[in-house]
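Notes follow once the structure below has been shown.
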Amino acid sequence: GSGALNEFNVTQDDVDRIQQVVSSTYGFDVGDFDKPPAEDEKILANIDWNINNDHRAKFTYIKTEGNSIIEQNGNNFVQFSPLAFSSSWYDRSETVEAYIGHLFSDWTPNFSTEVKIAMTDQATGQDSLNGAEFFLGSVVTSTGTVVSFGPDRFRHGNSLDQEFLNFKLKGTYLLDDHAITAGYEREEVDVNNLFAQNAEGTYSFASIDDLEAALATELEYDNAVTNDENDLRAIWGYNYNSLYVEDVWDVSNDLTLQFGLRYDYYESEGEIREN
């Protein structure tokens, strides 16, 4: 804390006053200069089930959670502030949870199939440490150094949620020197993406006195035409389908030929809002 203040030529008195003014005038905690720890957690579980001599199932569960604290300053602030309170930092988090099931079946000595179903949820967060429901402010201190507080302008609304569903059905038939495979695969992707820059406003103050009097020298504000940042969400998706057939032919001990056909097609979902 004190080392950072000395490096950027900011007095402790100015820091204390900014914290007090923003708390009493605006009801917001600007934070401090202490960085919280990051976390990382992983869970992996597998179940293999030999149903009988001809059929085998496999179930997999995966969950990963991790985050890192991103300290903000400089280009993300209007007055190019070299120093920012922790309320301008954000927690970049990533959570992935997946359920995967396989069924392997030998129906005859020459014919086998594989069925796979997988569901994955992926959530990417960029959450300001003291919340995003407040404006980004920057203020010139008594030494002339600019200090920022509040969620930076790119974190006023910033999240990405994705859902994936995968399905595969594949059959293989052995005929003399041929291994003939045919199958169908489908992937469904649903996306919910919010990016609302400056949706809470970005304010510049020429002094701490102006901050206390709520007299800004500059304001930036962006939002949807409805003034609701959630209407900036991009909610869309696509589906990928694939049909294929393949033949692997062992012509001789020294020669193997592989050839086949594949047909891919896409489907899209979602509408573009008026803007």
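Identifiers in this document derive from the order of the structure tokens: chains are assigned A, B, ..., residues are numbered from 1 separately in each chain, and ligands are numbered from 1 in order of occurrence.
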
Find the residues near A:Ala123: any atom within 8 Å, counting only C-alpha atoms, skip ones fewer than 3 places away on the same chain, and give them as a JSON list (two decimals) with C-alpha atoms, in the first residue's frame.
[["chain", "number", "residue", "atom", "x", "y", "z"],
["A", 93, "SER", "CA", -13.09, -16.13, -13.33],
["A", 94, "GLU", "CA", -13.61, -19.24, -15.41],
["A", 95, "THR", "CA", -15.93, -22.09, -14.46],
["A", 96, "VAL", "CA", -16.32, -25.18, -16.63],
["A", 159, "SER", "CA", -20.00, -11.64, -18.89],
["A", 160, "LEU", "CA", -19.95, -14.64, -21.19],
["A", 161, "ASP", "CA", -21.98, -17.84, -20.65],
["A", 162, "GLN", "CA", -21.79, -20.72, -23.11]]

For stretch 230-245 of chain A: contacts at 9 Å, only C-alpha atoms, fewer than 4 positions along chain excluded, given as a tab-separated table (two decimals) with N, CA and C atoms, in the first residue's frame:
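And here's around-v8.tsv as it stands now:
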chain	number	residue	atom	x	y	z
A	157	GLY	N	-20.66	-3.92	-17.56
A	157	GLY	CA	-21.47	-5.10	-17.89
A	157	GLY	C	-20.62	-6.00	-18.76
A	180	ILE	N	-15.37	-50.53	-42.37
A	180	ILE	CA	-16.29	-49.50	-42.87
A	180	ILE	C	-16.95	-48.81	-41.68
A	181	THR	N	-16.81	-47.50	-41.64
A	181	THR	CA	-17.34	-46.71	-40.53
A	181	THR	C	-18.32	-45.69	-41.06
A	182	ALA	N	-19.44	-45.56	-40.40
A	182	ALA	CA	-20.42	-44.52	-40.74
A	182	ALA	C	-20.90	-43.89	-39.44
A	183	GLY	N	-21.26	-42.60	-39.52
A	183	GLY	CA	-21.68	-41.95	-38.29
A	183	GLY	C	-22.35	-40.61	-38.51
A	184	TYR	N	-22.87	-40.11	-37.40
A	184	TYR	CA	-23.50	-38.80	-37.37
A	184	TYR	C	-23.05	-38.09	-36.09
A	185	GLU	N	-22.67	-36.82	-36.21
A	185	GLU	CA	-22.25	-36.02	-35.07
A	185	GLU	C	-22.96	-34.67	-35.11
A	186	ARG	N	-23.31	-34.17	-33.93
A	186	ARG	CA	-23.99	-32.88	-33.83
A	186	ARG	C	-23.44	-32.12	-32.62
A	187	GLU	N	-23.21	-30.86	-32.81
A	187	GLU	CA	-22.80	-29.98	-31.72
A	187	GLU	C	-23.73	-28.77	-31.68
A	188	GLU	N	-24.30	-28.50	-30.50
A	188	GLU	CA	-25.16	-27.34	-30.30
A	188	GLU	C	-24.45	-26.37	-29.36
A	189	VAL	N	-24.39	-25.11	-29.75
A	189	VAL	CA	-23.70	-24.08	-28.97
A	189	VAL	C	-24.67	-22.93	-28.72
A	190	ASP	N	-24.87	-22.58	-27.45
A	190	ASP	CA	-25.70	-21.44	-27.07
A	190	ASP	C	-24.83	-20.43	-26.34
A	191	VAL	N	-24.92	-19.17	-26.75
A	191	VAL	CA	-24.05	-18.11	-26.23
A	191	VAL	C	-24.90	-16.99	-25.66
A	192	ASN	N	-24.52	-16.52	-24.47
A	192	ASN	CA	-25.13	-15.35	-23.85
A	192	ASN	C	-23.99	-14.42	-23.45
A	193	ASN	N	-23.81	-13.35	-24.22
A	193	ASN	CA	-22.65	-12.47	-24.05
A	193	ASN	C	-23.11	-11.04	-23.77
A	194	LEU	N	-22.65	-10.50	-22.65
A	194	LEU	CA	-22.97	-9.11	-22.30
A	194	LEU	C	-21.70	-8.30	-22.31
A	195	PHE	N	-21.72	-7.19	-23.07
A	195	PHE	CA	-20.63	-6.21	-23.02
A	195	PHE	C	-21.27	-4.83	-23.08
A	196	ALA	N	-21.23	-4.14	-21.94
A	196	ALA	CA	-21.86	-2.82	-21.82
A	196	ALA	C	-20.84	-1.82	-21.32
A	223	ASN	N	-25.12	3.21	-23.60
A	223	ASN	CA	-26.06	2.18	-23.18
A	223	ASN	C	-26.95	1.80	-24.38
A	224	ALA	N	-27.83	0.85	-24.14
A	224	ALA	CA	-28.81	0.48	-25.16
A	224	ALA	C	-29.83	1.60	-25.31
A	225	VAL	N	-30.57	1.59	-26.42
A	225	VAL	CA	-31.57	2.64	-26.64
A	225	VAL	C	-32.66	2.60	-25.58
A	226	THR	N	-32.81	1.45	-24.92
A	226	THR	CA	-33.80	1.32	-23.85
A	226	THR	C	-33.26	1.77	-22.50
A	259	PHE	N	-10.51	-43.88	-47.58
A	259	PHE	CA	-11.30	-42.94	-48.37
A	259	PHE	C	-12.71	-42.92	-47.83
A	260	GLY	N	-13.45	-41.85	-48.16
A	260	GLY	CA	-14.81	-41.73	-47.66
A	260	GLY	C	-15.46	-40.44	-48.11
A	261	LEU	N	-16.65	-40.21	-47.58
A	261	LEU	CA	-17.43	-39.02	-47.88
A	261	LEU	C	-17.88	-38.38	-46.57
A	262	ARG	N	-17.98	-37.06	-46.56
A	262	ARG	CA	-18.42	-36.34	-45.38
A	262	ARG	C	-19.29	-35.16	-45.81
A	263	TYR	N	-20.39	-34.97	-45.10
A	263	TYR	CA	-21.30	-33.85	-45.39
A	263	TYR	C	-21.53	-33.08	-44.10
A	264	ASP	N	-21.16	-31.81	-44.10
A	264	ASP	CA	-21.32	-30.94	-42.94
A	264	ASP	C	-22.33	-29.84	-43.26
A	265	TYR	N	-23.16	-29.50	-42.30
A	265	TYR	CA	-24.05	-28.36	-42.47
A	265	TYR	C	-24.30	-27.68	-41.12
A	266	TYR	N	-24.62	-26.39	-41.20
A	266	TYR	CA	-24.75	-25.55	-40.01
A	266	TYR	C	-26.17	-24.98	-39.91
A	267	GLU	N	-26.56	-24.72	-38.68
A	267	GLU	CA	-27.82	-24.03	-38.40
A	267	GLU	C	-27.51	-22.89	-37.43
A	268	SER	N	-28.15	-21.76	-37.62
A	268	SER	CA	-27.91	-20.63	-36.73
A	268	SER	C	-29.19	-20.29	-35.97
A	269	GLU	N	-29.01	-19.70	-34.78
A	269	GLU	CA	-30.12	-19.30	-33.93
A	269	GLU	C	-29.87	-17.91	-33.39
A	270	GLY	N	-30.94	-17.21	-33.05
A	270	GLY	CA	-30.81	-15.88	-32.47
A	270	GLY	C	-31.22	-14.79	-33.44
A	271	GLU	N	-31.57	-13.63	-32.89
A	271	GLU	CA	-31.98	-12.50	-33.69
A	271	GLU	C	-31.13	-11.28	-33.34
A	272	ILE	N	-30.97	-10.39	-34.30
A	272	ILE	CA	-30.25	-9.14	-34.08
A	272	ILE	C	-31.23	-8.09	-33.64
A	273	ARG	N	-30.98	-7.48	-32.46
A	273	ARG	CA	-31.86	-6.45	-31.96
A	273	ARG	C	-31.65	-5.14	-32.72
A	275	ASN	N	-30.81	-1.29	-32.99
A	275	ASN	CA	-29.89	-0.47	-32.21
A	275	ASN	C	-29.75	0.90	-32.86

Per residue of stretch 103-156 of chain A within 9 Å of stretch 29-52 of chain A, what are the shortest atom pair and its distance in Å to one decimal, counting only C-alpha atoms, with rows by chain and residue number, as CSV?
residue,atom,partner,partner_atom,distance
A:Leu129,CA,A:Gly31,CA,8.5
A:Asn130,CA,A:Asp29,CA,7.1
A:Ser148,CA,A:Val30,CA,9.0
A:Phe149,CA,A:Val30,CA,5.6
A:Gly150,CA,A:Val30,CA,6.1

Members of stretch 63-265 of chain A assigned alpha helix (DSSP H) by DSSP, as a list in words: Ile208, Asp209, Asp210, Leu211, Glu212 and Ala213 of chain A

Members of stretch 13-204 of chain A assigned strand (DSSP E) by DSSP, as a PyMOL selection string: chain A and resi 40-50+55-70+83-84+90-106+111-128+136-140+146-149+158-175+178-195+202-204

Pick from A:Lys170, A:Val10, A:His178, A:Ala216 nearest to A:Thr256, counting only C-alpha atoms: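 Nearest to A:Thr256: A:His178.
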
Coordinates-based distance that separates atom CA of A:Ser128 from atom CA of A:Asp228 (Å, one decimal):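 Taking atom CA of A:Asp228 as the start and atom CA of A:Ser128 as the end point, the length is 19.1 Å.
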